[in-house]
Each structure stands twice: as structure tokens, then as C-alpha cells.
Amino acid sequence: MPIPDLVPSQWETFDSTQTPPPFGHALKRYMPLDEDYVNLNPGSWGTLPLPVLFAATRLAYEIERIPDKLHWVKFQPLLNKARSSIARLVGAATDEVVFVPNATHALNTVLRNFEWREGDLLIGATTMYDTVANTILYLADRAEQQRPGAHFIEYNFPLSHAEIIAIFRSKLRQFKRQHSDRHFTDVPPLSRGYVEDPAKKQNKIVVVIDSISATPGVLMPWRDMVRICREEGVWSVVDAAHSIGQEPDINLGDIGPDFWITDCHKWLYAKRGCAVLYVPYRNHHVIKSSLPTGHEYVSPQRGEVKRDRTTFAKLHTWTGTADHTSFVTIPDALAFREWLGGEKVINDYCHKLALEGGRRLAIILGTRLMDETGELTLNMVIAVPHLCRTSQLMIIVLQTNVELPLPIEHAPGEIYSAERVDAINVYLREALLHKWKAYAAHYFHAGAWWCRCSVQVFNEMSDFEYLGEAINVVCREIREKILLERVSPNFPEPYPALAYL
């Protein structure tokens, strides 16, 4: 077949011996974004750098030249190299991590491998990603037995880390009291009372914990929550979809979650879709099959199942024909990040811009930040509107959550019916994308409207200023057309306490 020359353009490669451009718009030339598109939503889908895209494209052509050669000879070494690079980044052993298409896939792999008993509890939170909550509900709704009971912990932000921890511990103990007729003796290996004998194991509690919640985009005290699970004899499944590439200094061996899941395509510059499932050696026995079941599954019906430390990885090596270029080009993504300066340099820039950009956006929108000190901020900040003038605190990460200049309701349904919420979401999305060519995630939470701005190395302050101008115009239109208000010509009115910003 005719193969293109595949010679990278100037921006599809980089010289590791040369200094990269300064962070900000100068780096947009390394991203396949429209020049006039203001992207403050890379946290949803990720933004793939051109050098990584070129590496994946080149590999795709190589696959098509002699497919059998790559699949039978080259694939496994490339996959092992990629797994090793991720394992080093998160403080795990290579055979404790495998690749799957996305975090939802990984979560389903874990939850569907548990052998559920009637009376087991599966616990989530009201702020978790929809597909995660729906998976919990589905497992509880199935007609077939046995199945767990579903429970959700409610978080209404703003909350401090201390408040979240108190709510979390209290709810775990409350659920136990509510089901005091059950014996929760199936505890994880690191918990007191663990036994290997299946005959001595009765009911269990499994909790899905967000490391960084999706909406609002806040850093949860997940390391402390994992510790509390261990103390309470509860299995911890950490949905860390937003963590890798955004949250620094992760050492899973020290933190000790029972299962940990993250997306590499959101913040780490990997090709979509690419996620990591971490299962420590002590819990490999839980994962009996990949999802879908692959070539390496061994049924007990065919004789004794012999497992060793490589079994978990083998189960996930080949689960059917798919595009694995997103997995094996992880080293290319990490090399690009290293050229930019490494994890700390990237995170320091994004963290600083998230704080300053959030403050600037709050001024433009006439709102204020929830986390006024920045003490709990990684790369997301949160603001509240001039309509809600209370002293509040929020935990932030590499994204900035700013309340929109729309009315706040104090009782469910007081202003926003389900139909209105849908209409406003559609209006915001269509107007921002088509009229303004800018975007940040938007959502309704605790009676108010928010936008979640994700910050990357190609963003700079002017992006926040442009987005603020766009949101003010669009929110004015929403108030007039959907909420049927008469809006002052001076809308929005700045919140006076913002002068210190």
C-alpha cells in the first residue's frame, strides 16, 4: 500500500535539547486546536498534543503494513513499557496496573468482579459522575441475585476537607447501624479482622470515592477517606478520573486504596481513550476476569486456577480487537510533558493560573471565590455570586469553578424545573460553542449555576477574560428569554467585596 512519508511538521515534533516555548498561547501551536477557539474545558476530553498525535498516527500506519507482526511481536513490549512508565508515575508495581479504554470501563471491571451477597452495601455520593452513580444503581437494580443495596452520601458544597471527612465517617457508621442485623466480616486485606477463609466471610461494604469530583470540580480528601475505609473495614474504590496529570505526588503504595482508577486522556496528554486500573497485589484475587472477558481467562470448570503476580496483567492484555495506540503511546505523552519541564512545572503554572484566572473571572461575572485563601487549591477554584454573600470555603484543583450570574433558588424547584435546567444547559452550550467559540463546563448544583474552567499550559489570563465577556452576554439572554426577567442595563453588578482581588 502507498505509505505517506510521515515526516513530522515543525509542531509535530520537538527537540528535547531545546527550551520549549513559554507557557500560554505560544504553546497552542503544539495543540490541534482551532486558532480562534478558547478551550477552557480540557478536563472533559483532554487535549492531545501534536507530537503525541503524530506518534500514534505513525504507529497506526506501521500496524496496517504488517498487522500480524505488530500484534504478535511488537505489541507486548510496547504495552509493558507503557505500563512501567505509568507505574513509576503513581508509585505502583508494573503488574499492578493495566490499561482500559476509560474510567467508567475500569470501574465496571472492579464492581462487576465482586462476588455480591444479599445484604452487601455499595455506597456512592451525590456529586459523582453520572455513569458511576448509574453503575451503582444498576448493580442494585438487577433482577438476578445476589445483589448489593445502593446508598449515596450527600455532599452540598461548599464544604471544607474537615467537614467532608466528618460526613464520610459519620455516614459509614450510620449505614452500619441501619443494617445492624448483618455481619460485615468480608473486609479488605489491610483492615483489622481480615480472614482468607471464604466460609468466615459474610457481608461487605464497598465505597466508591471521588479523588476529584466532576461537578463541582473539587479535590476530595480521598487519601484520608481511604484511611477511614481501612479503619472501618470497608473496601475502597477510588474514581480518580481527573487525578493523573493534575494531582501531584501520588504514591499508591503508600496511600493504600483497594482499587484506583484514572483517565490518562484528560490531563496527561494521552490519546483518547486511555485509562489506568490499579489493583494492588493483595487484591488481585478479586479480579477474576477482564471486561469483556479476554483470551487469558481460566475457568475453574477446566481445572485448578493457578494465579501469580502476572495473572491480573495477562487478563487485560488482549480483550478483543481495538485501537491500542492510545495505550502504547503513553511514553510519548510523558516525554512531551518532560520536555515542557515535568509534572511540577506544569502543575505550578496551571495551579497559579487557575487561582488568578478564577479571581479575574469572578470579578467580570460579579461573583466571588469560595476558596479565598487558595490554601486548598490545586488547579480548580470556585466562586459564589453576589446573590449569596456568606463566608464559604471550597477545595479546589486544576480547574476553576465560578458561579454564573443567574438567580439562586433556596428550595428545589423554586426557580428551576427540570425542563428549565435542560433548556439553560442547551442554551449555554449552543451559544458558547457556536457564537463565541469558547467553552467551559457548566452545571447546576445546590440551587445555583456554575462553570468549571479547566486550565492547561496553553491557556492564559485573556482566555478567562474572553469567557467572562461571553458568559455575561449569554446569561443576560437566559434571564430574558428563559427566566423571563427584566434585566438592568448595568447587569451584572460587581460584588463590592471583590476590590481586594
# chains A, B, ... in the order shown; residues from 1 in each chain; ligands from 1
call {"tool": "residues_around", "arguments": {"residues": "Cys264 (chain A)", "least_positions_apart": "3", "cutoff": "9 Å", "atoms": "only C-alpha atoms", "output": "MDAnalysis selection string"}}
result
chainID A and resid 46 102 241:245 267:276 330
call {"tool": "residues_around", "arguments": {"residues": "Leu89 (chain A)", "least_positions_apart": "2", "cutoff": "10 Å", "atoms": "only C-alpha atoms", "output": "MDAnalysis selection string"}}
result
chainID A and resid 83:87 91:92 244:245 248:252 334 343
call {"tool": "closest_residue", "arguments": {"among": "A:Ala446, A:Ala199, A:Val187, A:Val455", "to": "Tyr349 (chain A)", "atoms": "only C-alpha atoms"}}
result
A:Val455
call {"tool": "residues_around", "arguments": {"residues": "Thr319 (chain A)", "least_positions_apart": "2", "cutoff": "12 Å", "atoms": "only C-alpha atoms", "output": "ChimeraX atom specification"}}
result
/A:98-101,289-297,313-317,321-324
call {"tool": "write_last_selection", "arguments": {"atoms": "C-alpha atoms", "output": "mmCIF file, in the first residue's frame"}}
result
data_model
loop_
_atom_site.group_PDB
_atom_site.id
_atom_site.type_symbol
_atom_site.label_atom_id
_atom_site.label_comp_id
_atom_site.auth_asym_id
_atom_site.auth_seq_id
_atom_site.Cartn_x
_atom_site.Cartn_y
_atom_site.Cartn_z
ATOM 1 C CA VAL A 98 -3.369 -2.257 33.334
ATOM 2 C CA PHE A 99 -4.884 -0.120 30.599
ATOM 3 C CA VAL A 100 -8.590 0.051 29.756
ATOM 4 C CA PRO A 101 -10.485 2.469 27.469
ATOM 5 C CA SER A 289 -11.938 -11.556 34.569
ATOM 6 C CA SER A 290 -11.325 -8.553 32.401
ATOM 7 C CA LEU A 291 -14.298 -6.710 30.918
ATOM 8 C CA PRO A 292 -15.073 -8.095 28.390
ATOM 9 C CA THR A 293 -13.650 -11.489 29.261
ATOM 10 C CA GLY A 294 -10.471 -11.989 27.260
ATOM 11 C CA HIS A 295 -8.211 -14.751 25.977
ATOM 12 C CA GLU A 296 -6.375 -15.302 29.261
ATOM 13 C CA TYR A 297 -9.383 -16.117 31.427
ATOM 14 C CA ALA A 313 -1.987 -8.056 33.770
ATOM 15 C CA LYS A 314 -2.366 -11.051 31.456
ATOM 16 C CA LEU A 315 -6.151 -10.964 31.842
ATOM 17 C CA HIS A 316 -6.133 -7.444 30.371
ATOM 18 C CA THR A 317 -3.524 -7.864 27.657
ATOM 19 C CA THR A 321 -9.613 -6.180 18.627
ATOM 20 C CA ALA A 322 -9.347 -2.477 19.378
ATOM 21 C CA ASP A 323 -7.133 0.525 18.699
ATOM 22 C CA HIS A 324 -4.398 0.210 21.310
#
call {"tool": "select_by_dssp", "arguments": {"residues": "region 164-202 of chain A", "states": "alpha helix (DSSP H)", "output": "list in words"}}
result
Ile164, Ile165, Ala166, Ile167, Phe168, Arg169, Ser170, Lys171, Leu172, Arg173, Gln174, Phe175, Lys176, Arg177 and Gln178 of chain A
call {"tool": "write_last_selection", "arguments": {"atoms": "N, CA and C atoms", "output": "CSV table (one decimal), in the first residue's frame"}}
result
chain,number,residue,atom,x,y,z
A,164,ILE,N,-16.0,17.3,55.0
A,164,ILE,CA,-16.2,16.1,54.2
A,164,ILE,C,-15.8,14.9,54.9
A,165,ILE,N,-14.7,14.9,55.6
A,165,ILE,CA,-14.2,13.7,56.3
A,165,ILE,C,-15.2,13.4,57.4
A,166,ALA,N,-15.7,14.4,58.1
A,166,ALA,CA,-16.7,14.1,59.2
A,166,ALA,C,-18.0,13.5,58.7
A,167,ILE,N,-18.5,14.0,57.5
A,167,ILE,CA,-19.7,13.5,56.9
A,167,ILE,C,-19.4,12.0,56.5
A,168,PHE,N,-18.3,11.8,55.9
A,168,PHE,CA,-18.0,10.5,55.3
A,168,PHE,C,-18.0,9.4,56.4
A,169,ARG,N,-17.2,9.7,57.5
A,169,ARG,CA,-17.1,8.7,58.6
A,169,ARG,C,-18.4,8.5,59.2
A,170,SER,N,-19.2,9.6,59.5
A,170,SER,CA,-20.5,9.5,60.1
A,170,SER,C,-21.5,8.7,59.3
A,171,LYS,N,-21.4,8.9,58.0
A,171,LYS,CA,-22.4,8.1,57.1
A,171,LYS,C,-22.0,6.6,57.1
A,172,LEU,N,-20.7,6.3,57.0
A,172,LEU,CA,-20.4,4.9,57.0
A,172,LEU,C,-20.9,4.2,58.3
A,173,ARG,N,-20.7,4.9,59.4
A,173,ARG,CA,-21.2,4.3,60.7
A,173,ARG,C,-22.7,4.2,60.7
A,174,GLN,N,-23.3,5.2,60.2
A,174,GLN,CA,-24.8,5.3,60.1
A,174,GLN,C,-25.3,4.1,59.3
A,175,PHE,N,-24.7,3.8,58.1
A,175,PHE,CA,-25.2,2.7,57.3
A,175,PHE,C,-25.0,1.4,58.1
A,176,LYS,N,-23.9,1.3,58.8
A,176,LYS,CA,-23.7,0.0,59.6
A,176,LYS,C,-24.8,-0.1,60.6
A,177,ARG,N,-25.1,1.0,61.3
A,177,ARG,CA,-26.2,0.9,62.3
A,177,ARG,C,-27.5,0.6,61.7
A,178,GLN,N,-27.8,1.1,60.6
A,178,GLN,CA,-29.1,0.8,59.9
A,178,GLN,C,-29.2,-0.6,59.5
call {"tool": "select_by_dssp", "arguments": {"residues": "region 146-338 of chain A", "states": "strand (DSSP E or B)", "output": "list in words"}}
result
Gly149, Ala150, His151, Phe152, Ile153, Ile205, Val206, Val207, Val208, Ile209, Asp210, Ile212, Leu219, Trp235, Ser236, Val237, Val238, Asp239, Phe259, Trp260, Ile261, Thr262, Asp263, Ala275, Val276, Leu277 and Tyr278 of chain A
call {"tool": "residues_around", "arguments": {"residues": "Phe184 (chain A)", "least_positions_apart": "4", "cutoff": "10 Å", "atoms": "only C-alpha atoms", "output": "PyMOL selection string"}}
result
chain A and resi 119-121+176+179-180+201-205+233-234
call {"tool": "atom_distance", "arguments": {"atom1": "CA of Ala125 (chain A)", "atom2": "CA of Leu219 (chain A)"}}
result
14.1 Å
call {"tool": "closest_residue", "arguments": {"among": "A:Arg360, A:Arg429, A:Arg476, A:His434", "to": "Pro407 (chain A)", "atoms": "only C-alpha atoms"}}
result
A:Arg476
call {"tool": "residues_around", "arguments": {"residues": "Leu139 (chain A)", "least_positions_apart": "2", "cutoff": "10 Å", "atoms": "only C-alpha atoms", "output": "number ranges by chain"}}
result
A: 108, 111-112, 116, 122, 134-137, 141-144, 146-150
call {"tool": "write_last_selection", "arguments": {"atoms": "all heavy atoms", "output": "tab-separated table (two decimals), in the first residue's frame"}}
result
chain	number	residue	atom	x	y	z
A	108	ASN	N	-16.44	-0.43	36.16
A	108	ASN	CA	-17.30	-1.59	35.93
A	108	ASN	C	-16.52	-2.89	36.08
A	108	ASN	O	-17.05	-3.89	36.57
A	108	ASN	CB	-17.96	-1.50	34.56
A	108	ASN	CG	-19.24	-0.70	34.57
A	108	ASN	OD1	-20.32	-1.26	34.69
A	108	ASN	ND2	-19.12	0.61	34.47
A	111	LEU	N	-16.33	-3.38	39.99
A	111	LEU	CA	-17.60	-3.64	40.69
A	111	LEU	C	-18.26	-4.92	40.20
A	111	LEU	O	-18.94	-5.61	40.98
A	111	LEU	CB	-18.55	-2.45	40.53
A	111	LEU	CG	-18.07	-1.14	41.15
A	111	LEU	CD1	-19.16	-0.07	41.05
A	111	LEU	CD2	-17.66	-1.32	42.61
A	112	ARG	N	-18.09	-5.27	38.94
A	112	ARG	CA	-18.72	-6.49	38.42
A	112	ARG	C	-17.90	-7.74	38.74
A	112	ARG	O	-18.36	-8.85	38.49
A	112	ARG	CB	-18.94	-6.36	36.91
A	112	ARG	CG	-19.99	-5.33	36.55
A	112	ARG	CD	-20.02	-5.05	35.06
A	112	ARG	NE	-20.82	-3.90	34.73
A	112	ARG	CZ	-22.12	-3.96	34.40
A	112	ARG	NH1	-22.74	-5.12	34.35
A	112	ARG	NH2	-22.78	-2.87	34.11
A	116	TRP	N	-21.07	-10.52	44.91
A	116	TRP	CA	-22.02	-9.87	45.80
A	116	TRP	C	-22.89	-10.89	46.53
A	116	TRP	O	-23.24	-11.93	45.99
A	116	TRP	CB	-22.91	-8.91	45.02
A	116	TRP	CG	-22.14	-7.79	44.37
A	116	TRP	CD1	-21.83	-7.66	43.05
A	116	TRP	CD2	-21.56	-6.66	45.03
A	116	TRP	NE1	-21.11	-6.52	42.84
A	116	TRP	CE2	-20.92	-5.88	44.03
A	116	TRP	CE3	-21.52	-6.24	46.35
A	116	TRP	CZ2	-20.25	-4.70	44.33
A	116	TRP	CZ3	-20.86	-5.06	46.65
A	116	TRP	CH2	-20.23	-4.30	45.65
A	122	LEU	N	-23.25	-1.10	48.68
A	122	LEU	CA	-22.44	-0.42	47.68
A	122	LEU	C	-22.76	1.06	47.78
A	122	LEU	O	-23.91	1.47	47.54
A	122	LEU	CB	-22.74	-0.96	46.28
A	122	LEU	CG	-21.99	-0.34	45.11
A	122	LEU	CD1	-20.49	-0.36	45.33
A	122	LEU	CD2	-22.35	-1.07	43.81
A	134	ASN	N	-24.86	5.59	38.06
A	134	ASN	CA	-25.77	4.67	37.37
A	134	ASN	C	-25.29	3.22	37.45
A	134	ASN	O	-26.10	2.29	37.51
A	134	ASN	CB	-25.92	5.08	35.91
A	134	ASN	CG	-26.77	6.33	35.75
A	134	ASN	OD1	-27.52	6.69	36.66
A	134	ASN	ND2	-26.65	7.00	34.62
A	135	THR	N	-23.98	3.02	37.44
A	135	THR	CA	-23.45	1.66	37.61
A	135	THR	C	-23.82	1.11	38.97
A	135	THR	O	-24.23	-0.06	39.10
A	135	THR	CB	-21.92	1.66	37.42
A	135	THR	OG1	-21.60	2.10	36.11
A	135	THR	CG2	-21.35	0.26	37.64
A	136	ILE	N	-23.69	1.93	40.00
A	136	ILE	CA	-24.07	1.51	41.36
A	136	ILE	C	-25.55	1.14	41.39
A	136	ILE	O	-25.94	0.09	41.93
A	136	ILE	CB	-23.75	2.61	42.37
A	136	ILE	CG1	-22.23	2.77	42.51
A	136	ILE	CG2	-24.39	2.33	43.73
A	136	ILE	CD1	-21.80	3.95	43.36
A	137	LEU	N	-26.37	1.99	40.80
A	137	LEU	CA	-27.81	1.73	40.79
A	137	LEU	C	-28.14	0.46	40.00
A	137	LEU	O	-28.98	-0.35	40.42
A	137	LEU	CB	-28.55	2.93	40.21
A	137	LEU	CG	-28.55	4.19	41.08
A	137	LEU	CD1	-29.12	5.37	40.32
A	137	LEU	CD2	-29.35	3.96	42.36
A	141	ASP	N	-30.13	-2.82	41.05
A	141	ASP	CA	-31.45	-3.00	40.41
A	141	ASP	C	-31.60	-4.33	39.69
A	141	ASP	O	-32.73	-4.72	39.35
A	141	ASP	CB	-31.68	-1.89	39.37
A	141	ASP	CG	-31.88	-0.53	40.01
A	141	ASP	OD1	-32.19	-0.48	41.22
A	141	ASP	OD2	-31.72	0.49	39.31
A	142	ARG	N	-30.51	-5.03	39.42
A	142	ARG	CA	-30.58	-6.24	38.60
A	142	ARG	C	-31.58	-7.24	39.15
A	142	ARG	O	-31.73	-7.39	40.37
A	142	ARG	CB	-29.21	-6.90	38.51
A	142	ARG	CG	-28.16	-6.11	37.77
A	142	ARG	CD	-26.84	-6.83	37.78
A	142	ARG	NE	-26.43	-7.15	39.16
A	142	ARG	CZ	-25.43	-7.94	39.48
A	142	ARG	NH1	-24.73	-8.53	38.52
A	142	ARG	NH2	-25.12	-8.16	40.74
A	143	ALA	N	-32.20	-7.98	38.25
A	143	ALA	CA	-33.16	-8.99	38.68
A	143	ALA	C	-32.46	-10.20	39.28
A	143	ALA	O	-32.97	-10.84	40.20
A	143	ALA	CB	-34.02	-9.42	37.49
A	144	GLU	N	-31.26	-10.50	38.75
A	144	GLU	CA	-30.58	-11.69	39.25
A	144	GLU	C	-30.00	-11.47	40.64
A	144	GLU	O	-29.62	-10.37	41.01
A	144	GLU	CB	-29.46	-12.12	38.28
A	144	GLU	CG	-28.33	-11.13	38.11
A	144	GLU	CD	-28.51	-10.22	36.92
A	144	GLU	OE1	-29.67	-9.93	36.55
A	144	GLU	OE2	-27.49	-9.78	36.35
A	146	GLN	N	-27.06	-12.71	43.55
A	146	GLN	CA	-27.23	-11.81	44.66
A	146	GLN	C	-26.86	-10.38	44.22
A	146	GLN	O	-26.13	-10.21	43.26
A	146	GLN	CB	-26.32	-12.23	45.81
A	146	GLN	CG	-26.44	-13.67	46.25
A	146	GLN	CD	-27.69	-13.93	47.06
A	146	GLN	OE1	-28.26	-13.01	47.63
A	146	GLN	NE2	-28.15	-15.16	47.08
A	147	ARG	N	-27.33	-9.39	44.97
A	147	ARG	CA	-27.06	-8.01	44.58
A	147	ARG	C	-26.91	-7.14	45.81
A	147	ARG	O	-27.51	-7.41	46.86
A	147	ARG	CB	-28.18	-7.50	43.69
A	147	ARG	CG	-29.55	-7.53	44.36
A	147	ARG	CD	-30.67	-7.25	43.40
A	147	ARG	NE	-31.96	-7.28	44.08
A	147	ARG	CZ	-33.12	-7.20	43.46
A	147	ARG	NH1	-33.14	-7.09	42.14
A	147	ARG	NH2	-34.24	-7.23	44.13
A	148	PRO	N	-26.12	-6.07	45.72
A	148	PRO	CA	-25.93	-5.18	46.86
A	148	PRO	C	-27.05	-4.17	46.98
A	148	PRO	O	-27.80	-3.92	46.02
A	148	PRO	CB	-24.60	-4.50	46.53
A	148	PRO	CG	-24.63	-4.40	45.03
A	148	PRO	CD	-25.32	-5.66	44.56
A	149	GLY	N	-27.14	-3.55	48.14
A	149	GLY	CA	-28.01	-2.40	48.31
A	149	GLY	C	-27.25	-1.12	48.03
A	149	GLY	O	-26.09	-0.98	48.42
A	150	ALA	N	-27.87	-0.19	47.32
A	150	ALA	CA	-27.20	1.06	46.94
A	150	ALA	C	-27.52	2.17	47.93
A	150	ALA	O	-28.68	2.36	48.32
A	150	ALA	CB	-27.63	1.48	45.54
call {"tool": "closest_residue", "arguments": {"among": "A:Gly217, A:Gly447, A:Pro32, A:Gly256", "to": "Tyr129 (chain A)", "atoms": "only C-alpha atoms"}}
result
A:Gly217
call {"tool": "residues_around", "arguments": {"residues": "Lys81 (chain A)", "least_positions_apart": "4", "cutoff": "8 Å", "atoms": "only C-alpha atoms", "output": "list in words"}}
result
Pro77, Ser85, Val328 and Pro331 of chain A
